[in-house]
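Each remark here refers to the structure printed beneath this line.
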Amino acid sequence: MWFQQALTLDDPAVPADNIDYAKVYQLYLQAAGRNHWKAMLNLASLILSDRSGVPVHDPEAAIQWVEKAMRLDIPDAYDRMGVYHLDGVVKGGGARTAYAFFQRAADLGSPAAMAFLGYKLAASYDNPGEGFWANQAVGTRMLECALAQGYGDAAEKLGLIYASPNTLEAKRRALNVLHEGVKLGSAKCADSLAADFDGMDLDNGTNLVGHIDKARARRYGKVVDVLKLYDGRLKLSNLDKILPLPPAPLPKWNGDMQTLINTAKAVI
């Protein structure tokens, strides 16, 4: 109950200045006290943010909440700790320690960690210094597993991998997986599709669509703006009702962004 109340208050569509972050923090704190792991991770994010009203902005406090979730064997907590090591939130952390946490998170089933490691493994050549390796078969399987668990951003890299033969069939497969990523809330996938329908790379033959479709590009562009706000929290499982892939005809739309999103959203 407390967690859902906090999520309702912490609405990405509401300007940050209009959100009572002191109340949001308190609600997450109450939920975390009952071992709600998502509340723990959201508390950590608030602590590291610059939101006014949040009573604590100590990185150590954020780390402690993530560690508490790790003690519950929460996969996403290990993934978050990997991010903290990679980003320098943890003193003395770095790529080597971060990858150990990402690997543990992936072993426990974290789709975010699987996608991260899959992306790094799916390179065409080894470059350990830059943190990637050429093992595309394993990387692709990890990305596919992450996508199957609902992690939309995994589809962005899969789109590149699927399209690489540059055949019509390969391009169609890439379009389909990117579109699936959008349904799962990926702004990155929506951005890729907006660019392709707008004609990017038509001149070199790698465009996935094969022609310019300004109407679809515009709709995907609107979707990008909204999905960036929600950062994976918004699912568009009914996207095909308002923005299907060709050759399906585009349904009528009045140009209003909220109408577009409401039509595409999952029915709750």
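We name chains A, B, ... following the order of the structure tokens; residues begin at 1 in each chain, and ligands are numbered from 1 as shown.
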Looking only at alpha helix (DSSP H) from DSSP on the backbone, list the matching residues of segment 46-245 of chain A as an mmCIF file with N, CA and C atoms, in the first residue's frame.
data_model
loop_
_atom_site.group_PDB
_atom_site.id
_atom_site.type_symbol
_atom_site.label_atom_id
_atom_site.label_comp_id
_atom_site.auth_asym_id
_atom_site.auth_seq_id
_atom_site.Cartn_x
_atom_site.Cartn_y
_atom_site.Cartn_z
ATOM 1 N N LEU A 46 16.303 8.095 -4.705
ATOM 2 C CA LEU A 46 15.935 9.408 -4.171
ATOM 3 C C LEU A 46 17.092 10.038 -3.407
ATOM 4 N N ILE A 47 17.780 9.230 -2.617
ATOM 5 C CA ILE A 47 18.900 9.733 -1.826
ATOM 6 C C ILE A 47 19.993 10.298 -2.727
ATOM 7 N N LEU A 48 20.220 9.657 -3.863
ATOM 8 C CA LEU A 48 21.264 10.117 -4.790
ATOM 9 C C LEU A 48 20.776 11.222 -5.723
ATOM 10 N N PRO A 59 25.515 9.339 -0.125
ATOM 11 C CA PRO A 59 25.693 8.133 -0.941
ATOM 12 C C PRO A 59 25.803 6.856 -0.109
ATOM 13 N N GLU A 60 26.402 6.952 1.071
ATOM 14 C CA GLU A 60 26.532 5.762 1.917
ATOM 15 C C GLU A 60 25.169 5.209 2.322
ATOM 16 N N ALA A 61 24.220 6.114 2.551
ATOM 17 C CA ALA A 61 22.868 5.668 2.906
ATOM 18 C C ALA A 61 22.220 4.930 1.739
ATOM 19 N N ALA A 62 22.439 5.433 0.516
ATOM 20 C CA ALA A 62 21.911 4.758 -0.674
ATOM 21 C C ALA A 62 22.524 3.372 -0.817
ATOM 22 N N ILE A 63 23.830 3.291 -0.619
ATOM 23 C CA ILE A 63 24.526 2.008 -0.722
ATOM 24 C C ILE A 63 23.977 1.015 0.298
ATOM 25 N N GLN A 64 23.708 1.498 1.512
ATOM 26 C CA GLN A 64 23.207 0.612 2.565
ATOM 27 C C GLN A 64 21.835 0.037 2.224
ATOM 28 N N TRP A 65 20.977 0.845 1.592
ATOM 29 C CA TRP A 65 19.664 0.324 1.196
ATOM 30 C C TRP A 65 19.811 -0.754 0.120
ATOM 31 N N VAL A 66 20.722 -0.531 -0.810
ATOM 32 C CA VAL A 66 20.938 -1.533 -1.858
ATOM 33 C C VAL A 66 21.517 -2.806 -1.249
ATOM 34 N N GLU A 67 22.431 -2.641 -0.302
ATOM 35 C CA GLU A 67 23.003 -3.816 0.367
ATOM 36 C C GLU A 67 21.927 -4.602 1.122
ATOM 37 N N LYS A 68 20.986 -3.892 1.719
ATOM 38 C CA LYS A 68 19.897 -4.581 2.423
ATOM 39 C C LYS A 68 19.072 -5.418 1.448
ATOM 40 N N ALA A 69 18.801 -4.855 0.262
ATOM 41 C CA ALA A 69 18.064 -5.614 -0.757
ATOM 42 C C ALA A 69 18.891 -6.797 -1.261
ATOM 43 N N MET A 70 20.208 -6.612 -1.345
ATOM 44 C CA MET A 70 21.077 -7.717 -1.752
ATOM 45 C C MET A 70 21.012 -8.873 -0.754
ATOM 46 N N ARG A 71 20.892 -8.539 0.528
ATOM 47 C CA ARG A 71 20.808 -9.596 1.547
ATOM 48 C C ARG A 71 19.523 -10.409 1.409
ATOM 49 N N PRO A 75 17.801 -9.889 -7.394
ATOM 50 C CA PRO A 75 18.675 -9.730 -8.559
ATOM 51 C C PRO A 75 18.938 -8.272 -8.928
ATOM 52 N N ASP A 76 17.892 -7.449 -8.942
ATOM 53 C CA ASP A 76 18.060 -6.055 -9.346
ATOM 54 C C ASP A 76 18.918 -5.269 -8.369
ATOM 55 N N ALA A 77 19.007 -5.724 -7.120
ATOM 56 C CA ALA A 77 19.871 -5.050 -6.154
ATOM 57 C C ALA A 77 21.342 -5.265 -6.520
ATOM 58 N N TYR A 78 21.684 -6.473 -6.928
ATOM 59 C CA TYR A 78 23.055 -6.735 -7.379
ATOM 60 C C TYR A 78 23.368 -5.925 -8.640
ATOM 61 N N ASP A 79 22.391 -5.822 -9.525
ATOM 62 C CA ASP A 79 22.580 -5.009 -10.728
ATOM 63 C C ASP A 79 22.814 -3.545 -10.352
ATOM 64 N N ARG A 80 22.023 -3.034 -9.418
ATOM 65 C CA ARG A 80 22.186 -1.640 -8.993
ATOM 66 C C ARG A 80 23.564 -1.413 -8.365
ATOM 67 N N MET A 81 24.010 -2.365 -7.565
ATOM 68 C CA MET A 81 25.330 -2.216 -6.960
ATOM 69 C C MET A 81 26.414 -2.216 -8.032
ATOM 70 N N GLY A 82 26.220 -3.008 -9.074
ATOM 71 C CA GLY A 82 27.159 -2.970 -10.189
ATOM 72 C C GLY A 82 27.221 -1.599 -10.827
ATOM 73 N N VAL A 83 26.057 -0.977 -11.004
ATOM 74 C CA VAL A 83 26.003 0.383 -11.556
ATOM 75 C C VAL A 83 26.738 1.352 -10.640
ATOM 76 N N TYR A 84 26.532 1.210 -9.332
ATOM 77 C CA TYR A 84 27.192 2.109 -8.379
ATOM 78 C C TYR A 84 28.708 1.958 -8.432
ATOM 79 N N HIS A 85 29.190 0.731 -8.596
ATOM 80 C CA HIS A 85 30.632 0.519 -8.730
ATOM 81 C C HIS A 85 31.144 1.121 -10.032
ATOM 82 N N LEU A 86 30.391 0.935 -11.104
ATOM 83 C CA LEU A 86 30.810 1.439 -12.409
ATOM 84 C C LEU A 86 30.815 2.962 -12.441
ATOM 85 N N ASP A 87 29.849 3.578 -11.749
ATOM 86 C CA ASP A 87 29.710 5.035 -11.778
ATOM 87 C C ASP A 87 30.503 5.748 -10.689
ATOM 88 N N ALA A 95 35.280 -0.958 -12.980
ATOM 89 C CA ALA A 95 34.704 -1.911 -13.925
ATOM 90 C C ALA A 95 34.841 -3.352 -13.448
ATOM 91 N N ARG A 96 35.998 -3.685 -12.875
ATOM 92 C CA ARG A 96 36.227 -5.077 -12.467
ATOM 93 C C ARG A 96 35.223 -5.512 -11.390
ATOM 94 N N THR A 97 35.070 -4.689 -10.359
ATOM 95 C CA THR A 97 34.125 -5.048 -9.298
ATOM 96 C C THR A 97 32.686 -4.960 -9.796
ATOM 97 N N ALA A 98 32.422 -3.991 -10.680
ATOM 98 C CA ALA A 98 31.065 -3.841 -11.220
ATOM 99 C C ALA A 98 30.637 -5.091 -11.973
ATOM 100 N N TYR A 99 31.542 -5.629 -12.795
ATOM 101 C CA TYR A 99 31.180 -6.794 -13.601
ATOM 102 C C TYR A 99 30.891 -8.015 -12.731
ATOM 103 N N ALA A 100 31.539 -8.110 -11.583
ATOM 104 C CA ALA A 100 31.250 -9.220 -10.675
ATOM 105 C C ALA A 100 29.810 -9.132 -10.168
ATOM 106 N N PHE A 101 29.364 -7.918 -9.857
ATOM 107 C CA PHE A 101 27.981 -7.736 -9.410
ATOM 108 C C PHE A 101 26.993 -7.979 -10.552
ATOM 109 N N PHE A 102 27.340 -7.501 -11.753
ATOM 110 C CA PHE A 102 26.457 -7.733 -12.900
ATOM 111 C C PHE A 102 26.314 -9.228 -13.182
ATOM 112 N N GLN A 103 27.425 -9.955 -13.068
ATOM 113 C CA GLN A 103 27.371 -11.396 -13.318
ATOM 114 C C GLN A 103 26.494 -12.100 -12.286
ATOM 115 N N ARG A 104 26.644 -11.695 -11.015
ATOM 116 C CA ARG A 104 25.806 -12.287 -9.966
ATOM 117 C C ARG A 104 24.333 -11.956 -10.206
ATOM 118 N N ALA A 105 24.065 -10.711 -10.593
ATOM 119 C CA ALA A 105 22.684 -10.303 -10.871
ATOM 120 C C ALA A 105 22.094 -11.113 -12.018
ATOM 121 N N ALA A 106 22.887 -11.308 -13.067
ATOM 122 C CA ALA A 106 22.415 -12.089 -14.216
ATOM 123 C C ALA A 106 22.165 -13.542 -13.821
ATOM 124 N N ASP A 107 23.054 -14.097 -12.997
ATOM 125 C CA ASP A 107 22.880 -15.478 -12.533
ATOM 126 C C ASP A 107 21.582 -15.634 -11.745
ATOM 127 N N LEU A 108 21.203 -14.570 -11.021
ATOM 128 C CA LEU A 108 19.972 -14.603 -10.230
ATOM 129 C C LEU A 108 18.731 -14.306 -11.065
ATOM 130 N N PRO A 111 17.003 -9.138 -15.581
ATOM 131 C CA PRO A 111 17.020 -8.852 -17.016
ATOM 132 C C PRO A 111 17.897 -7.658 -17.367
ATOM 133 N N ALA A 112 17.983 -6.666 -16.471
ATOM 134 C CA ALA A 112 18.834 -5.504 -16.744
ATOM 135 C C ALA A 112 20.296 -5.920 -16.826
ATOM 136 N N ALA A 113 20.727 -6.786 -15.908
ATOM 137 C CA ALA A 113 22.108 -7.264 -15.927
ATOM 138 C C ALA A 113 22.368 -8.143 -17.143
ATOM 139 N N MET A 114 21.402 -8.992 -17.485
ATOM 140 C CA MET A 114 21.547 -9.820 -18.690
ATOM 141 C C MET A 114 21.708 -8.948 -19.928
ATOM 142 N N ALA A 115 20.918 -7.890 -20.006
ATOM 143 C CA ALA A 115 20.994 -7.005 -21.166
ATOM 144 C C ALA A 115 22.335 -6.295 -21.214
ATOM 145 N N PHE A 116 22.816 -5.839 -20.066
ATOM 146 C CA PHE A 116 24.104 -5.151 -20.013
ATOM 147 C C PHE A 116 25.230 -6.079 -20.465
ATOM 148 N N LEU A 117 25.281 -7.270 -19.879
ATOM 149 C CA LEU A 117 26.338 -8.211 -20.240
ATOM 150 C C LEU A 117 26.172 -8.705 -21.671
ATOM 151 N N GLY A 118 24.930 -8.929 -22.085
ATOM 152 C CA GLY A 118 24.683 -9.359 -23.457
ATOM 153 C C GLY A 118 25.170 -8.335 -24.465
ATOM 154 N N TYR A 119 24.936 -7.063 -24.153
ATOM 155 C CA TYR A 119 25.396 -5.979 -25.032
ATOM 156 C C TYR A 119 26.918 -6.006 -25.146
ATOM 157 N N LYS A 120 27.591 -6.211 -24.013
ATOM 158 C CA LYS A 120 29.054 -6.209 -24.007
ATOM 159 C C LYS A 120 29.630 -7.427 -24.726
ATOM 160 N N LEU A 121 28.915 -8.549 -24.667
ATOM 161 C CA LEU A 121 29.416 -9.772 -25.293
ATOM 162 C C LEU A 121 29.126 -9.837 -26.786
ATOM 163 N N GLN A 136 29.091 -13.174 -29.905
ATOM 164 C CA GLN A 136 27.757 -12.710 -30.262
ATOM 165 C C GLN A 136 26.674 -13.741 -29.978
ATOM 166 N N ALA A 137 26.988 -15.018 -30.111
ATOM 167 C CA ALA A 137 25.972 -16.049 -29.871
ATOM 168 C C ALA A 137 25.494 -16.005 -28.417
ATOM 169 N N VAL A 138 26.440 -15.941 -27.483
ATOM 170 C CA VAL A 138 26.081 -15.884 -26.063
ATOM 171 C C VAL A 138 25.409 -14.556 -25.740
ATOM 172 N N GLY A 139 25.974 -13.462 -26.278
ATOM 173 C CA GLY A 139 25.391 -12.147 -26.033
ATOM 174 C C GLY A 139 23.958 -12.049 -26.535
ATOM 175 N N THR A 140 23.717 -12.616 -27.710
ATOM 176 C CA THR A 140 22.360 -12.582 -28.278
ATOM 177 C C THR A 140 21.384 -13.357 -27.403
ATOM 178 N N ARG A 141 21.811 -14.513 -26.911
ATOM 179 C CA ARG A 141 20.926 -15.310 -26.047
ATOM 180 C C ARG A 141 20.595 -14.565 -24.752
ATOM 181 N N MET A 142 21.582 -13.875 -24.212
ATOM 182 C CA MET A 142 21.338 -13.116 -22.979
ATOM 183 C C MET A 142 20.365 -11.968 -23.234
ATOM 184 N N LEU A 143 20.533 -11.288 -24.347
ATOM 185 C CA LEU A 143 19.625 -10.196 -24.699
ATOM 186 C C LEU A 143 18.212 -10.715 -24.932
ATOM 187 N N GLU A 144 18.106 -11.847 -25.603
ATOM 188 C CA GLU A 144 16.780 -12.434 -25.854
ATOM 189 C C GLU A 144 16.106 -12.854 -24.551
ATOM 190 N N CYS A 145 16.898 -13.363 -23.620
ATOM 191 C CA CYS A 145 16.351 -13.754 -22.321
ATOM 192 C C CYS A 145 15.864 -12.522 -21.557
ATOM 193 N N ALA A 146 16.635 -11.442 -21.622
ATOM 194 C CA ALA A 146 16.234 -10.195 -20.957
ATOM 195 C C ALA A 146 14.939 -9.660 -21.556
ATOM 196 N N LEU A 147 14.835 -9.704 -22.881
ATOM 197 C CA LEU A 147 13.620 -9.227 -23.550
ATOM 198 C C LEU A 147 12.420 -10.088 -23.176
ATOM 199 N N ALA A 148 12.629 -11.392 -23.107
ATOM 200 C CA ALA A 148 11.538 -12.305 -22.753
ATOM 201 C C ALA A 148 11.006 -12.033 -21.352
ATOM 202 N N ALA A 154 16.594 -4.179 -24.100
ATOM 203 C CA ALA A 154 17.381 -5.253 -24.710
ATOM 204 C C ALA A 154 17.107 -5.349 -26.203
ATOM 205 N N ALA A 155 15.928 -4.920 -26.626
ATOM 206 C CA ALA A 155 15.549 -5.016 -28.040
ATOM 207 C C ALA A 155 16.356 -4.077 -28.919
ATOM 208 N N GLU A 156 16.891 -3.000 -28.336
ATOM 209 C CA GLU A 156 17.657 -2.058 -29.168
ATOM 210 C C GLU A 156 18.882 -2.741 -29.772
ATOM 211 N N LYS A 157 19.677 -3.414 -28.944
ATOM 212 C CA LYS A 157 20.852 -4.125 -29.437
ATOM 213 C C LYS A 157 20.450 -5.319 -30.296
ATOM 214 N N LEU A 158 19.374 -6.012 -29.908
ATOM 215 C CA LEU A 158 18.906 -7.136 -30.722
ATOM 216 C C LEU A 158 18.529 -6.672 -32.120
ATOM 217 N N GLY A 159 17.949 -5.484 -32.214
ATOM 218 C CA GLY A 159 17.602 -4.943 -33.525
ATOM 219 C C GLY A 159 18.825 -4.808 -34.414
ATOM 220 N N LEU A 160 19.923 -4.337 -33.840
ATOM 221 C CA LEU A 160 21.169 -4.202 -34.607
ATOM 222 C C LEU A 160 21.704 -5.570 -35.027
ATOM 223 N N ILE A 161 21.648 -6.521 -34.109
ATOM 224 C CA ILE A 161 22.149 -7.868 -34.407
ATOM 225 C C ILE A 161 21.299 -8.535 -35.485
ATOM 226 N N TYR A 162 19.989 -8.479 -35.317
ATOM 227 C CA TYR A 162 19.088 -9.124 -36.277
ATOM 228 C C TYR A 162 19.208 -8.507 -37.670
ATOM 229 N N ALA A 163 19.451 -7.196 -37.723
ATOM 230 C CA ALA A 163 19.503 -6.503 -39.018
ATOM 231 C C ALA A 163 20.813 -6.714 -39.761
ATOM 232 N N LEU A 168 16.060 -8.401 -46.601
ATOM 233 C CA LEU A 168 14.707 -7.946 -46.287
ATOM 234 C C LEU A 168 14.150 -8.680 -45.061
ATOM 235 N N GLU A 169 14.427 -9.984 -44.998
ATOM 236 C CA GLU A 169 13.938 -10.770 -43.863
ATOM 237 C C GLU A 169 14.590 -10.318 -42.563
ATOM 238 N N ALA A 170 15.888 -10.036 -42.625
ATOM 239 C CA ALA A 170 16.609 -9.592 -41.432
ATOM 240 C C ALA A 170 16.103 -8.232 -40.963
ATOM 241 N N LYS A 171 15.848 -7.348 -41.904
ATOM 242 C CA LYS A 171 15.348 -6.021 -41.545
ATOM 243 C C LYS A 171 13.958 -6.107 -40.924
ATOM 244 N N ARG A 172 13.135 -6.998 -41.459
ATOM 245 C CA ARG A 172 11.791 -7.154 -40.898
ATOM 246 C C ARG A 172 11.865 -7.701 -39.473
ATOM 247 N N ARG A 173 12.769 -8.632 -39.268
ATOM 248 C CA ARG A 173 12.940 -9.188 -37.924
ATOM 249 C C ARG A 173 13.393 -8.099 -36.952
ATOM 250 N N ALA A 174 14.298 -7.240 -37.419
ATOM 251 C CA ALA A 174 14.777 -6.135 -36.585
ATOM 252 C C ALA A 174 13.656 -5.155 -36.267
ATOM 253 N N LEU A 175 12.845 -4.826 -37.270
ATOM 254 C CA LEU A 175 11.699 -3.933 -37.035
ATOM 255 C C LEU A 175 10.764 -4.516 -35.982
ATOM 256 N N ASN A 176 10.485 -5.796 -36.101
ATOM 257 C CA ASN A 176 9.561 -6.442 -35.168
ATOM 258 C C ASN A 176 10.078 -6.402 -33.733
ATOM 259 N N VAL A 177 11.380 -6.668 -33.556
ATOM 260 C CA VAL A 177 11.906 -6.700 -32.192
ATOM 261 C C VAL A 177 11.987 -5.291 -31.607
ATOM 262 N N LEU A 178 12.302 -4.299 -32.425
ATOM 263 C CA LEU A 178 12.312 -2.919 -31.937
ATOM 264 C C LEU A 178 10.912 -2.471 -31.537
ATOM 265 N N HIS A 179 9.930 -2.851 -32.338
ATOM 266 C CA HIS A 179 8.536 -2.504 -32.035
ATOM 267 C C HIS A 179 8.100 -3.168 -30.724
ATOM 268 N N GLU A 180 8.555 -4.398 -30.507
ATOM 269 C CA GLU A 180 8.262 -5.088 -29.246
ATOM 270 C C GLU A 180 8.915 -4.355 -28.076
ATOM 271 N N GLY A 181 10.116 -3.846 -28.300
ATOM 272 C CA GLY A 181 10.787 -3.077 -27.259
ATOM 273 C C GLY A 181 10.014 -1.831 -26.875
ATOM 274 N N VAL A 182 9.413 -1.171 -27.861
ATOM 275 C CA VAL A 182 8.587 0.005 -27.581
ATOM 276 C C VAL A 182 7.394 -0.386 -26.718
ATOM 277 N N LYS A 183 6.763 -1.495 -27.045
ATOM 278 C CA LYS A 183 5.618 -1.961 -26.245
ATOM 279 C C LYS A 183 6.016 -2.191 -24.788
ATOM 280 N N ALA A 187 12.305 3.718 -24.639
ATOM 281 C CA ALA A 187 12.434 4.950 -25.419
ATOM 282 C C ALA A 187 13.520 4.802 -26.478
ATOM 283 N N LYS A 188 14.555 4.011 -26.174
ATOM 284 C CA LYS A 188 15.643 3.806 -27.134
ATOM 285 C C LYS A 188 15.123 3.143 -28.408
ATOM 286 N N CYS A 189 14.267 2.144 -28.256
ATOM 287 C CA CYS A 189 13.704 1.464 -29.425
ATOM 288 C C CYS A 189 12.794 2.396 -30.211
ATOM 289 N N ALA A 190 11.993 3.186 -29.504
ATOM 290 C CA ALA A 190 11.109 4.137 -30.180
ATOM 291 C C ALA A 190 11.922 5.166 -30.953
ATOM 292 N N ASP A 191 13.031 5.600 -30.377
ATOM 293 C CA ASP A 191 13.898 6.574 -31.037
ATOM 294 C C ASP A 191 14.508 5.981 -32.307
ATOM 295 N N SER A 192 14.926 4.720 -32.233
ATOM 296 C CA SER A 192 15.489 4.047 -33.412
ATOM 297 C C SER A 192 14.459 3.944 -34.529
ATOM 298 N N LEU A 193 13.234 3.578 -34.175
ATOM 299 C CA LEU A 193 12.186 3.441 -35.188
ATOM 300 C C LEU A 193 11.781 4.793 -35.758
ATOM 301 N N ALA A 194 11.738 5.819 -34.927
ATOM 302 C CA ALA A 194 11.426 7.159 -35.429
ATOM 303 C C ALA A 194 12.447 7.579 -36.478
ATOM 304 N N ALA A 195 13.723 7.295 -36.206
ATOM 305 C CA ALA A 195 14.783 7.661 -37.152
ATOM 306 C C ALA A 195 14.673 6.864 -38.448
ATOM 307 N N ASP A 196 14.384 5.569 -38.342
ATOM 308 C CA ASP A 196 14.276 4.741 -39.544
ATOM 309 C C ASP A 196 13.093 5.154 -40.413
ATOM 310 N N PHE A 197 11.951 5.400 -39.793
ATOM 311 C CA PHE A 197 10.788 5.817 -40.583
ATOM 312 C C PHE A 197 10.962 7.229 -41.143
ATOM 313 N N LYS A 214 6.713 9.588 -42.886
ATOM 314 C CA LYS A 214 6.720 10.701 -41.939
ATOM 315 C C LYS A 214 5.648 10.548 -40.857
ATOM 316 N N ALA A 215 4.498 9.985 -41.223
ATOM 317 C CA ALA A 215 3.408 9.848 -40.252
ATOM 318 C C ALA A 215 3.813 8.920 -39.108
ATOM 319 N N ARG A 216 4.415 7.783 -39.455
ATOM 320 C CA ARG A 216 4.861 6.865 -38.400
ATOM 321 C C ARG A 216 6.029 7.462 -37.620
ATOM 322 N N ALA A 217 6.933 8.131 -38.318
ATOM 323 C CA ALA A 217 8.066 8.764 -37.637
ATOM 324 C C ALA A 217 7.579 9.755 -36.588
ATOM 325 N N ARG A 218 6.548 10.517 -36.941
ATOM 326 C CA ARG A 218 6.008 11.502 -36.002
ATOM 327 C C ARG A 218 5.417 10.822 -34.769
ATOM 328 N N ARG A 219 4.683 9.750 -34.978
ATOM 329 C CA ARG A 219 4.059 9.062 -33.836
ATOM 330 C C ARG A 219 5.112 8.428 -32.928
ATOM 331 N N TYR A 220 6.109 7.783 -33.540
ATOM 332 C CA TYR A 220 7.180 7.223 -32.712
ATOM 333 C C TYR A 220 7.915 8.326 -31.954
ATOM 334 N N GLY A 221 8.092 9.479 -32.587
ATOM 335 C CA GLY A 221 8.745 10.601 -31.919
ATOM 336 C C GLY A 221 7.985 11.053 -30.684
ATOM 337 N N LYS A 222 6.664 11.093 -30.778
ATOM 338 C CA LYS A 222 5.833 11.452 -29.622
ATOM 339 C C LYS A 222 5.983 10.409 -28.512
ATOM 340 N N VAL A 223 6.031 9.147 -28.921
ATOM 341 C CA VAL A 223 6.177 8.062 -27.954
ATOM 342 C C VAL A 223 7.519 8.176 -27.226
ATOM 343 N N VAL A 224 8.570 8.530 -27.956
ATOM 344 C CA VAL A 224 9.897 8.698 -27.348
ATOM 345 C C VAL A 224 9.833 9.673 -26.184
ATOM 346 N N ASP A 225 9.217 10.822 -26.417
ATOM 347 C CA ASP A 225 9.170 11.867 -25.391
ATOM 348 C C ASP A 225 8.527 11.364 -24.107
ATOM 349 N N VAL A 226 7.456 10.596 -24.238
ATOM 350 C CA VAL A 226 6.746 10.101 -23.055
ATOM 351 C C VAL A 226 7.527 8.978 -22.371
ATOM 352 N N LEU A 227 8.057 8.046 -23.150
ATOM 353 C CA LEU A 227 8.768 6.918 -22.552
ATOM 354 C C LEU A 227 10.031 7.366 -21.828
ATOM 355 N N LYS A 228 10.673 8.417 -22.300
ATOM 356 C CA LYS A 228 11.845 8.947 -21.594
ATOM 357 C C LYS A 228 11.462 9.422 -20.194
ATOM 358 N N LEU A 229 10.299 10.016 -20.082
ATOM 359 C CA LEU A 229 9.827 10.487 -18.774
ATOM 360 C C LEU A 229 9.630 9.330 -17.801
ATOM 361 N N TYR A 230 9.063 8.239 -18.314
ATOM 362 C CA TYR A 230 8.678 7.133 -17.435
ATOM 363 C C TYR A 230 9.798 6.125 -17.199
#
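Comparing A:Leu43, A:Ile19, A:Ala31, A:Ala13 by their smallest distance to Met1 of chain A, the closest is A:Ala31 (using only C-alpha atoms).
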Name the residues in contact with Lys265 of chain A at a cut-off of 9 Å, using only C-alpha atoms, excluding same-chain residues fewer than 5 positions from it; report them as a CSV table (one decimal) with C-alpha atoms, in the first residue's frame.
chain,number,residue,atom,x,y,z
A,183,LYS,CA,5.6,-2.0,-26.2
A,234,LEU,CA,5.1,2.7,-18.8
A,235,LYS,CA,4.1,-0.3,-21.0
A,236,LEU,CA,2.3,0.2,-24.3
A,237,SER,CA,1.0,-3.3,-25.0
A,238,ASN,CA,-1.8,-1.9,-27.2
A,239,LEU,CA,0.5,0.0,-29.4
A,260,LEU,CA,-1.9,8.4,-28.6
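Going from atom CA of Ala39 of chain A over to atom CA of Asp11 of chain A, you cover 15.0 Å.
Taking only C-alpha atoms, the non-local environment of Arg51 of chain A within 8 Å (same-chain residues fewer than 3 positions away omitted) comprises Ala16, Tyr21, Leu46 and Val54 of chain A.
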